[in-house]
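Participant: Structure in structure tokens, see below.
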Amino acid sequence: MFRNVFILVLVLGVMAGIAQAALVLVENFDSMATGNIDGRTCTGVLGGTWDTQSANTGNVVVEDNSGSRVVRFMSTSSGGGRGVGFNSITDLIEDSETGMAFFRFMIRTDAQVPRTYMGLISDTSDDPINSTNTDTPTNIPVGFGLVDDSSGGFNLVKTDGTTVLKAGLVRAQWYNVWIEANNAADTFDLYLSTATGPAGAPALPTSGDLVAGTIPFGVATSDPLTGMIFASPTGTVQSSRCYIDEIYMTPEPATLVLLGLGGLSLLRARKKR
Ligand SMILES: [Ca+2]
Ligand SMILES: [Ca+2]
Ligand SMILES: [Ca+2]
């Protein structure tokens with residue numbers, strides 16, 4: 001009896017542990033060739049396909065930075081917007097679900113200005129990253145912007161480009177970002193912390209990392225969230241280079257249940273021995 005209770009507690013502990021560690025890899029670029037990412041399959045475990053806007057300009061590139069392979073993008077003063085992103089992952093954040101996305105970003109120290117947007121998208125087409133979405137951050141359902149603060153750093157803002165959510169971010173600093181999207185309520189919680197570099201699996205955020213909670217989706221949707229966008233719109237001045245690495249998302253609850261049952265079988269096998 002006590003033993004069964006002990007095992008039940010263990011199993012619940014395992015399942016809770018899995019739920020805690022529910023972020024799985026979408027992309028870290030490490031096994032990807034450098035160069036143009038357009039049309040490539042994501043190398044993580046959730047599937048997905050990369051798409052770009054104006055990658056043929058050389059302004060959207062897979063390259064090595066800070067000791068890791070990353071994707072870099074920027075827009076120029078003369079050209080249109082630049083963007084990179086993916087869709088069609090196998091575990092969508094359905095309209096009834098809450099799911100988390102994680103990634104790291106860094107804005108280079110240069111003479112340009114950060115004017116960069118990123119977030120989750122809802123698009124099942126084979127062209128989710130296009131001129132319209134790249135140039136219109138308010139089209140991003142669940143995201144935020146990084147804009148110049150006129151004193152060498154930058155501010156984290158809503159996709160409206162003006163509402164500051166967190167001021168005083170610094171260049172040449174890698175940051176952890178967690179977006180917890182409640183697609184049923186069309187609201188999200190945004191977390192941010194500094195990272196030592198681009199590489200390595202994420203931990204979960206702490207309450208102290210919360211930037212803002214229950215932020216309304218920029219665009220309410222009854223569709224699933226299917227991927228992410230990282231973009232710099234058309235502008236009259238060049239944007240600072242932005243680098244992205246280590247993209248993770250949460251799998252479906254059904255996957256978690258299977259993993260939990262796996263843990264249960266393991267405990268049963270142990271009990272028999
Ligand atoms: Ca990497
Ligand atoms: Ca495209
Ligand atoms: Ca929704």
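Numbering starts fresh at 1 for the residues of each chain in the structure tokens, the chains themselves are lettered A, B, ... in the order given, and ligands are numbered from 1 as they appear.
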Run DSSP on the backbone and give me the residues of segment 68-259 of chain A it puts in helix (DSSP H, G or I), as JSON, numbers by chain.

Facilitator: {"A": [131, 132, 133, 134, 135, 137, 138, 139, 207, 208, 209, 253, 254, 255, 256, 257, 258, 259]}

Participant: Residues as selected, N, CA and C atoms, written as a PDB file, in the first residue's frame, can you do that?

Facilitator:
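Result file is out-v5.pdb:
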ATOM      1  N   SER A 131       6.279  40.308 -47.798  1.00  0.00           N
ATOM      2  CA  SER A 131       6.515  41.751 -47.647  1.00  0.00           C
ATOM      3  C   SER A 131       5.473  42.391 -46.731  1.00  0.00           C
ATOM      4  N   THR A 132       4.221  41.923 -46.811  1.00  0.00           N
ATOM      5  CA  THR A 132       3.168  42.509 -45.978  1.00  0.00           C
ATOM      6  C   THR A 132       3.443  42.276 -44.497  1.00  0.00           C
ATOM      7  N   ASN A 133       3.711  41.006 -44.141  1.00  0.00           N
ATOM      8  CA  ASN A 133       3.931  40.700 -42.729  1.00  0.00           C
ATOM      9  C   ASN A 133       5.223  41.319 -42.204  1.00  0.00           C
ATOM     10  N   THR A 134       6.244  41.369 -43.064  1.00  0.00           N
ATOM     11  CA  THR A 134       7.523  41.931 -42.645  1.00  0.00           C
ATOM     12  C   THR A 134       7.414  43.432 -42.409  1.00  0.00           C
ATOM     13  N   ASP A 135       6.602  44.092 -43.211  1.00  0.00           N
ATOM     14  CA  ASP A 135       6.483  45.552 -43.122  1.00  0.00           C
ATOM     15  C   ASP A 135       5.410  46.010 -42.137  1.00  0.00           C
ATOM     16  N   PRO A 137       4.294  45.173 -38.520  1.00  0.00           N
ATOM     17  CA  PRO A 137       4.413  44.434 -37.258  1.00  0.00           C
ATOM     18  C   PRO A 137       3.086  44.230 -36.550  1.00  0.00           C
ATOM     19  N   THR A 138       2.125  45.154 -36.762  1.00  0.00           N
ATOM     20  CA  THR A 138       0.826  44.994 -36.096  1.00  0.00           C
ATOM     21  C   THR A 138       0.071  43.773 -36.627  1.00  0.00           C
ATOM     22  N   ASN A 139       0.574  43.162 -37.715  1.00  0.00           N
ATOM     23  CA  ASN A 139      -0.023  41.917 -38.203  1.00  0.00           C
ATOM     24  C   ASN A 139       0.436  40.703 -37.407  1.00  0.00           C
ATOM     25  N   SER A 207       9.371  34.007 -11.937  1.00  0.00           N
ATOM     26  CA  SER A 207       8.401  35.106 -11.845  1.00  0.00           C
ATOM     27  C   SER A 207       9.103  36.454 -11.995  1.00  0.00           C
ATOM     28  N   GLY A 208      10.392  36.508 -11.593  1.00  0.00           N
ATOM     29  CA  GLY A 208      11.144  37.753 -11.709  1.00  0.00           C
ATOM     30  C   GLY A 208      11.461  38.135 -13.147  1.00  0.00           C
ATOM     31  N   ASP A 209      11.321  37.165 -14.087  1.00  0.00           N
ATOM     32  CA  ASP A 209      11.602  37.440 -15.498  1.00  0.00           C
ATOM     33  C   ASP A 209      10.392  38.035 -16.222  1.00  0.00           C
ATOM     34  N   PRO A 253      -0.228  18.566 -25.357  1.00  0.00           N
ATOM     35  CA  PRO A 253      -0.456  17.821 -24.118  1.00  0.00           C
ATOM     36  C   PRO A 253      -0.476  16.310 -24.352  1.00  0.00           C
ATOM     37  N   ALA A 254      -1.003  15.860 -25.507  1.00  0.00           N
ATOM     38  CA  ALA A 254      -1.062  14.421 -25.803  1.00  0.00           C
ATOM     39  C   ALA A 254       0.341  13.821 -25.801  1.00  0.00           C
ATOM     40  N   THR A 255       1.307  14.564 -26.333  1.00  0.00           N
ATOM     41  CA  THR A 255       2.690  14.096 -26.336  1.00  0.00           C
ATOM     42  C   THR A 255       3.198  13.966 -24.911  1.00  0.00           C
ATOM     43  N   LEU A 256       2.810  14.931 -24.065  1.00  0.00           N
ATOM     44  CA  LEU A 256       3.232  14.899 -22.661  1.00  0.00           C
ATOM     45  C   LEU A 256       2.652  13.674 -21.953  1.00  0.00           C
ATOM     46  N   VAL A 257       1.382  13.355 -22.264  1.00  0.00           N
ATOM     47  CA  VAL A 257       0.744  12.193 -21.636  1.00  0.00           C
ATOM     48  C   VAL A 257       1.506  10.929 -22.030  1.00  0.00           C
ATOM     49  N   LEU A 258       1.875  10.809 -23.310  1.00  0.00           N
ATOM     50  CA  LEU A 258       2.641   9.646 -23.768  1.00  0.00           C
ATOM     51  C   LEU A 258       3.967   9.559 -23.028  1.00  0.00           C
ATOM     52  N   LEU A 259       4.618  10.707 -22.873  1.00  0.00           N
ATOM     53  CA  LEU A 259       5.891  10.724 -22.153  1.00  0.00           C
ATOM     54  C   LEU A 259       5.663  10.303 -20.703  1.00  0.00           C
TER      55      LEU A 259
END

Participant: Could you pull out the residues sitting within 6 Å of ligand 2, using only C-alpha atoms and all ligand atoms, and write them as a list in words?

Facilitator: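 The residues near ligand 2 are Asp51, Thr52, Gln53, Asp127, Pro128, Ile129 and Asn130 of chain A.
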
Participant: Set out as CSV a contact list for chain A and ligand 3 with a cut-off of 12 Å, giving each residue of chain A that qualifies its closest atom pair and distance in Å to one decimal, counting only C-alpha atoms and all ligand atoms, ordered by chain and rising residue number.

Facilitator:
residue,atom,partner,partner_atom_place_in_ligand_line,distance
A:Ile93,CA,ligand 3,1 (Ca),9.2
A:Glu94,CA,ligand 3,1 (Ca),7.7
A:Asp95,CA,ligand 3,1 (Ca),4.5
A:Ser96,CA,ligand 3,1 (Ca),7.1
A:Glu97,CA,ligand 3,1 (Ca),8.4
A:Thr98,CA,ligand 3,1 (Ca),9.6
A:Gly99,CA,ligand 3,1 (Ca),11.7
A:Ile121,CA,ligand 3,1 (Ca),11.7
A:Ser122,CA,ligand 3,1 (Ca),10.0
A:Pro141,CA,ligand 3,1 (Ca),9.6
A:Val142,CA,ligand 3,1 (Ca),10.5
A:Ala181,CA,ligand 3,1 (Ca),9.2
A:Asn182,CA,ligand 3,1 (Ca),7.4
A:Asn183,CA,ligand 3,1 (Ca),3.9
A:Ala184,CA,ligand 3,1 (Ca),4.7
A:Ala185,CA,ligand 3,1 (Ca),6.1
A:Asp186,CA,ligand 3,1 (Ca),4.8
A:Thr187,CA,ligand 3,1 (Ca),8.4
A:Phe188,CA,ligand 3,1 (Ca),10.7
A:Pro216,CA,ligand 3,1 (Ca),10.5
A:Phe217,CA,ligand 3,1 (Ca),8.6
A:Gly218,CA,ligand 3,1 (Ca),11.3
A:Val219,CA,ligand 3,1 (Ca),9.3
A:Ala220,CA,ligand 3,1 (Ca),6.1
A:Thr221,CA,ligand 3,1 (Ca),4.4
A:Ser222,CA,ligand 3,1 (Ca),4.1
A:Asp223,CA,ligand 3,1 (Ca),6.2
A:Pro224,CA,ligand 3,1 (Ca),7.2
A:Leu225,CA,ligand 3,1 (Ca),8.5

Participant: Those selected residues, please, written with N, CA and C atoms and delivered as a short mmCIF file (atom, residue, chain, number, x, y, z; two decimals), in the first residue's frame.

Facilitator:
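Wrote again.cif, looks like this:
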data_model
loop_
_atom_site.label_atom_id
_atom_site.label_comp_id
_atom_site.auth_asym_id
_atom_site.auth_seq_id
_atom_site.Cartn_x
_atom_site.Cartn_y
_atom_site.Cartn_z
N ILE A 93 -0.06 25.44 -31.50
CA ILE A 93 -0.78 25.91 -30.31
C ILE A 93 -2.21 26.18 -30.78
N GLU A 94 -3.06 25.17 -30.56
CA GLU A 94 -4.44 25.24 -31.05
C GLU A 94 -5.21 26.35 -30.35
N ASP A 95 -6.37 26.69 -30.91
CA ASP A 95 -7.18 27.78 -30.36
C ASP A 95 -7.64 27.51 -28.93
N SER A 96 -7.65 26.24 -28.54
CA SER A 96 -8.08 25.87 -27.18
C SER A 96 -6.91 25.79 -26.21
N GLU A 97 -5.68 25.98 -26.71
CA GLU A 97 -4.50 25.63 -25.91
C GLU A 97 -3.68 26.84 -25.44
N THR A 98 -2.88 26.57 -24.40
CA THR A 98 -1.82 27.48 -23.99
C THR A 98 -0.49 26.82 -24.32
N GLY A 99 0.40 27.54 -24.91
CA GLY A 99 1.71 26.98 -25.26
C GLY A 99 2.80 28.02 -25.08
N ILE A 121 3.26 33.40 -35.21
CA ILE A 121 2.36 33.66 -36.33
C ILE A 121 1.31 32.56 -36.44
N SER A 122 0.30 32.85 -37.21
CA SER A 122 -0.75 31.89 -37.51
C SER A 122 -0.92 31.89 -39.02
N PRO A 141 0.43 38.27 -34.61
CA PRO A 141 -0.59 38.02 -33.58
C PRO A 141 -0.06 38.13 -32.16
N VAL A 142 1.12 37.53 -31.93
CA VAL A 142 1.63 37.42 -30.56
C VAL A 142 3.10 37.79 -30.56
N ALA A 181 1.64 31.81 -24.67
CA ALA A 181 0.44 32.27 -25.37
C ALA A 181 -0.77 31.45 -24.97
N ASN A 182 -1.80 32.13 -24.49
CA ASN A 182 -3.08 31.49 -24.19
C ASN A 182 -4.00 31.77 -25.38
N ASN A 183 -4.04 30.80 -26.31
CA ASN A 183 -4.78 31.03 -27.55
C ASN A 183 -6.29 30.99 -27.33
N ALA A 184 -6.72 30.40 -26.20
CA ALA A 184 -8.15 30.39 -25.90
C ALA A 184 -8.61 31.80 -25.51
N ALA A 185 -7.79 32.48 -24.69
CA ALA A 185 -8.14 33.83 -24.22
C ALA A 185 -7.57 34.93 -25.12
N ASP A 186 -6.70 34.56 -26.08
CA ASP A 186 -6.01 35.53 -26.94
C ASP A 186 -5.21 36.55 -26.13
N THR A 187 -4.50 36.05 -25.12
CA THR A 187 -3.59 36.88 -24.33
C THR A 187 -2.26 36.13 -24.16
N PHE A 188 -1.20 36.88 -23.85
CA PHE A 188 0.08 36.21 -23.62
C PHE A 188 0.86 36.88 -22.50
N PRO A 216 -2.98 41.48 -24.45
CA PRO A 216 -3.88 41.03 -25.53
C PRO A 216 -3.10 40.71 -26.81
N PHE A 217 -3.49 39.66 -27.51
CA PHE A 217 -2.90 39.39 -28.83
C PHE A 217 -3.01 40.65 -29.69
N GLY A 218 -1.97 40.95 -30.47
CA GLY A 218 -2.03 42.07 -31.41
C GLY A 218 -3.14 41.86 -32.43
N VAL A 219 -3.32 40.61 -32.82
CA VAL A 219 -4.41 40.23 -33.72
C VAL A 219 -5.07 39.00 -33.11
N ALA A 220 -6.32 39.16 -32.65
CA ALA A 220 -7.03 38.00 -32.10
C ALA A 220 -7.22 36.97 -33.20
N THR A 221 -7.15 35.70 -32.82
CA THR A 221 -7.29 34.67 -33.84
C THR A 221 -8.00 33.45 -33.28
N SER A 222 -8.76 32.78 -34.11
CA SER A 222 -9.35 31.49 -33.73
C SER A 222 -8.61 30.36 -34.44
N ASP A 223 -7.49 30.70 -35.06
CA ASP A 223 -6.65 29.70 -35.73
C ASP A 223 -5.52 29.27 -34.80
N PRO A 224 -4.90 28.13 -35.08
CA PRO A 224 -3.73 27.73 -34.30
C PRO A 224 -2.52 28.63 -34.59
N LEU A 225 -1.63 28.72 -33.62
CA LEU A 225 -0.34 29.39 -33.84
C LEU A 225 0.61 28.36 -34.43
#

Participant: Around ligand 1, out to 12 Å and counting only C-alpha atoms and all ligand atoms, which residues are there? I want them as number ranges by chain.

Facilitator: A: 25-34, 43-44, 62-72, 103-105, 197-201, 243-248

Participant: Include C-alpha atoms and write out the residues we just selected as a short mmCIF file (atom, residue, chain, number, x, y, z; two decimals), in the first residue's frame.

Facilitator:
data_model
loop_
_atom_site.label_atom_id
_atom_site.label_comp_id
_atom_site.auth_asym_id
_atom_site.auth_seq_id
_atom_site.Cartn_x
_atom_site.Cartn_y
_atom_site.Cartn_z
CA LEU A 25 13.80 22.08 -29.85
CA VAL A 26 12.52 23.67 -33.04
CA GLU A 27 15.86 25.04 -34.28
CA ASN A 28 19.39 25.82 -33.10
CA PHE A 29 20.96 26.03 -36.61
CA ASP A 30 23.95 23.95 -35.41
CA SER A 31 23.52 21.17 -37.99
CA MET A 32 22.52 23.58 -40.75
CA ALA A 33 24.84 24.84 -43.53
CA THR A 34 25.62 28.55 -43.53
CA THR A 43 16.39 20.76 -37.80
CA GLY A 44 14.62 20.31 -34.42
CA VAL A 62 22.75 31.57 -41.37
CA GLU A 63 26.23 32.24 -39.97
CA ASP A 64 28.42 31.75 -36.90
CA ASN A 65 28.31 34.31 -34.09
CA SER A 66 29.22 34.24 -30.39
CA GLY A 67 30.43 30.64 -30.71
CA SER A 68 27.21 29.24 -32.17
CA ARG A 69 25.49 28.94 -35.53
CA VAL A 70 22.63 31.43 -35.67
CA VAL A 71 20.41 33.27 -38.14
CA ARG A 72 21.08 36.96 -38.71
CA PHE A 103 14.32 31.82 -28.22
CA ARG A 104 17.40 33.97 -27.71
CA PHE A 105 18.24 37.20 -29.53
CA GLY A 197 25.42 33.48 -24.95
CA PRO A 198 23.27 32.02 -27.71
CA ALA A 199 23.83 28.29 -27.19
CA GLY A 200 22.33 25.78 -24.78
CA ALA A 201 18.90 24.44 -23.86
CA TYR A 243 20.77 37.45 -34.33
CA ILE A 244 18.47 34.58 -33.25
CA ASP A 245 19.31 31.16 -31.79
CA GLU A 246 17.85 28.21 -29.81
CA ILE A 247 14.16 28.26 -30.68
CA TYR A 248 12.00 25.95 -28.55
#

Participant: Using only C-alpha atoms, which of A:Gly47, A:Gly143, A:Gly80, A:Gly58 sits nearest Val24 of chain A?

Facilitator: A:Gly47

Participant: Any idea what's packed within 9 Å of Leu146 of chain A, counting only C-alpha atoms, ignoring anything in its chain fewer than 2 positions away? Could you give it as a PyMOL selection string?

Facilitator: chain A and resi 114-118+144+148+154-158+161+169

Participant: Work out how far apart atom CA of Leu165 of chain A and atom CA of Thr196 of chain A are and give it in Å to one decimal.

Facilitator: 22.5 Å

Participant: Counting only C-alpha atoms, which residue out of A:Thr236, A:Thr214, A:Ser151, A:Gln173 sits closest to Ala195 of chain A?

Facilitator: A:Gln173

Participant: Which polymer residues have any atom within 6 Å of an atom of segment 86-88 of chain A, counting only C-alpha atoms, with same-chain residues fewer than 2 positions away left out, as a compact mmCIF listing (two decimals) with C-alpha atoms, in the first residue's frame?

Facilitator:
# COMPACT_ATOMS: atom_id res chain seq x y z
CA GLY A 48 8.48 23.18 -39.67
CA THR A 49 9.82 24.95 -42.75
CA TRP A 50 11.87 28.14 -42.94
CA ASP A 51 10.75 31.02 -45.10
CA THR A 226 1.88 27.71 -36.40
CA GLY A 227 5.35 29.22 -36.15
CA MET A 228 7.34 32.41 -35.69

Participant: Provide the atom CA of Leu46 of chain A to atom CA of Ser125 of chain A distance in Å, to one decimal place.

Facilitator: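 Spanning atom CA of Leu46 of chain A to atom CA of Ser125 of chain A is a straight-line distance of 17.4 Å.
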